[in-house]
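This report concerns only the one structure given below.
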Amino acid sequence: MSWLTRASREAARLMQPLVPREGGGVTILAYHLVGGGTPSVVDLPIETFHAQLRELRQIAHVCSLTEAVSRLEAGTDRTRPAVVITFDDGFDNFRTRAWPLLRELDVPCTLYVPVGFIEGTRPAPLTGAERLRPLEWAALRELASEPLLTIGSHGCRHQDLRRLDLDDVRQDLRHSRARLQDRTGAPIDHFCYPQAKWSRAIEQEVRAEYRTAVVAGGRTNVPGRFNPQRLWRVPVRRDMPSGLTPVVQSAVWLEEWAASHARALT
């Protein structure tokens, strides 16, 4: 973590109590690893993840990404907040650690898969997790048949798309979608910007291929003020409060909002 990002997070933690509550919006949570045994700050203990799922089911309507977007488009106003669970990076750790708990509690989830990592042409997309195996295609196809799980694309190369020319961006977007559809038999309508980095030009290319796309940003998605090609998420980290009620109830999780602005400078 850069000094700028670290300083931004520390300042945001002090200011978080001043943020107003948000009702009726959609909070999208981004997970990466559960019980992976890595030093990564996004590798959560199994007990913490299990407790968070139980908590979320009590305080919110936990739904699929498709349902959440439909709710946002319809402008549905509910007092009870909605929450979407997403996982990034396609580690086999998702199948062995996270998925059994999601299925046990009947919690829908979207899994964003970087094709190059699955096929062995690209390294692990998460620093510190290089020893962890990717999902195999056969396992991913089996997961894709589960009603609770939606498969999305995390690109092929898992690199900052802003550093590619637009022809290469188009090829990455199209190839990852086609490859995932071919190998899983599932429709691939959702995209996750690698490294949570995007530009308006890239957003236009994503719009041509996918129904939705997610970034970071820490904001709650609100009817009338959301962009389906730039849905905000809150990455869940070990150094956050283990209970997620404050995150779900806040209009913006300042720590992630500040970190996103710091990342945009790199």
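Order determines the names: the first chain of the structure tokens is A, the second B, and so forth; residues in each chain are numbered 1 upward, and ligands are numbered 1 upward as they are shown.
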Non-local contacts of segment 189-199 of chain A (8 Å; only C-alpha atoms; under 2 positions in same chain excluded) as a PyMOL selection string: chain A and resi 112+151-155+158-162+187+201-203+206+209-216+264
At most 10 Å is the cut-off: for each residue in segment 27-94 of chain A with any atom that close to an atom of segment 225-229 of chain A, write down the nearest atom pair and the distance in Å rounded to one decimal, counting only C-alpha atoms, chain first then increasing number, as a Markdown table.
```
| residue | atom | partner | partner_atom | distance |
| --- | --- | --- | --- | --- |
| A:Val69 | CA | A:Pro228 | CA | 7.5 |
| A:Leu72 | CA | A:Phe226 | CA | 7.7 |
| A:Glu73 | CA | A:Phe226 | CA | 8.8 |
| A:Gly75 | CA | A:Arg225 | CA | 9.8 |
```
May I have all residues of segment 11-167 of chain A that DSSP, computed from the backbone, assigns to helix (DSSP H, G or I), given as a PyMOL selection string? chain A and resi 11-18+46-59+65-74+92-104+115-119+137-144+161-163+166-167
Selected residues written out with C-alpha atoms, as a tab-separated table (two decimals), in the first residue's frame:
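result13.tsv was written with the following content:
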```
chain	number	residue	atom	x	y	z
A	11	ALA	CA	-7.87	10.05	7.73
A	12	ALA	CA	-11.11	8.55	6.41
A	13	ARG	CA	-11.51	6.30	9.46
A	14	LEU	CA	-11.56	9.36	11.68
A	15	MET	CA	-14.26	11.04	9.58
A	16	GLN	CA	-16.53	8.04	8.97
A	17	PRO	CA	-18.88	8.77	11.90
A	18	LEU	CA	-19.85	12.03	10.17
A	46	ILE	CA	-13.34	-18.15	7.64
A	47	GLU	CA	-15.03	-17.34	10.94
A	48	THR	CA	-15.22	-13.63	10.03
A	49	PHE	CA	-16.71	-14.32	6.63
A	50	HIS	CA	-19.29	-16.74	8.05
A	51	ALA	CA	-20.30	-14.20	10.71
A	52	GLN	CA	-20.59	-11.45	8.11
A	53	LEU	CA	-22.92	-13.53	5.97
A	54	ARG	CA	-25.18	-14.20	8.94
A	55	GLU	CA	-25.14	-10.52	9.88
A	56	LEU	CA	-25.96	-9.37	6.36
A	57	ARG	CA	-28.94	-11.70	6.13
A	58	GLN	CA	-30.31	-10.10	9.30
A	59	ILE	CA	-29.81	-6.43	8.42
A	65	LEU	CA	-26.45	-8.62	-8.93
A	66	THR	CA	-29.15	-8.99	-11.59
A	67	GLU	CA	-31.92	-8.42	-9.05
A	68	ALA	CA	-30.08	-5.46	-7.55
A	69	VAL	CA	-29.67	-3.74	-10.93
A	70	SER	CA	-33.34	-4.34	-11.74
A	71	ARG	CA	-34.22	-2.76	-8.41
A	72	LEU	CA	-32.04	0.26	-9.17
A	73	GLU	CA	-33.49	0.64	-12.66
A	74	ALA	CA	-37.05	0.43	-11.34
A	92	ASP	CA	-9.93	-22.31	-6.25
A	93	ASN	CA	-10.10	-21.00	-2.68
A	94	PHE	CA	-13.55	-19.65	-3.60
A	95	ARG	CA	-14.81	-23.18	-4.34
A	96	THR	CA	-13.30	-24.80	-1.25
A	97	ARG	CA	-13.77	-22.08	1.38
A	98	ALA	CA	-16.33	-19.44	0.44
A	99	TRP	CA	-18.83	-21.31	-1.70
A	100	PRO	CA	-19.84	-23.93	0.92
A	101	LEU	CA	-20.76	-21.12	3.34
A	102	LEU	CA	-22.65	-19.14	0.70
A	103	ARG	CA	-24.62	-22.24	-0.27
A	104	GLU	CA	-25.27	-23.19	3.36
A	115	VAL	CA	-9.50	-15.95	-18.02
A	116	GLY	CA	-5.72	-15.75	-18.35
A	117	PHE	CA	-5.22	-16.85	-14.73
A	118	ILE	CA	-7.55	-19.82	-15.20
A	119	GLU	CA	-5.73	-20.87	-18.36
A	137	TRP	CA	-12.50	-25.10	-16.09
A	138	ALA	CA	-14.40	-28.23	-15.05
A	139	ALA	CA	-14.93	-26.88	-11.54
A	140	LEU	CA	-15.98	-23.49	-12.90
A	141	ARG	CA	-18.51	-25.10	-15.22
A	142	GLU	CA	-19.98	-27.02	-12.29
A	143	LEU	CA	-20.19	-23.82	-10.23
A	144	ALA	CA	-21.84	-21.99	-13.13
A	161	LEU	CA	-6.99	-1.43	-19.25
A	162	ARG	CA	-6.08	2.25	-19.45
A	163	ARG	CA	-2.58	1.20	-20.51
A	166	LEU	CA	-8.65	0.53	-27.56
A	167	ASP	CA	-8.25	-2.29	-30.09
```
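Coordinates place atom CA of Arg157 of chain A at a distance of 10.7 Å from atom CA of Gly120 of chain A.
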Can you pull out the residues contacting Trp253 of chain A? Cut-off 8 Å, using only C-alpha atoms, and skip same-chain residues under 4 positions away; I want them as a list in words.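 What passes the distance filter is Gln16, Gly218, Arg219, Val234, Val247 and Trp257 of chain A.
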Between atom CA of Glu22 of chain A and atom CA of Thr150 of chain A lies a distance of 26.6 Å
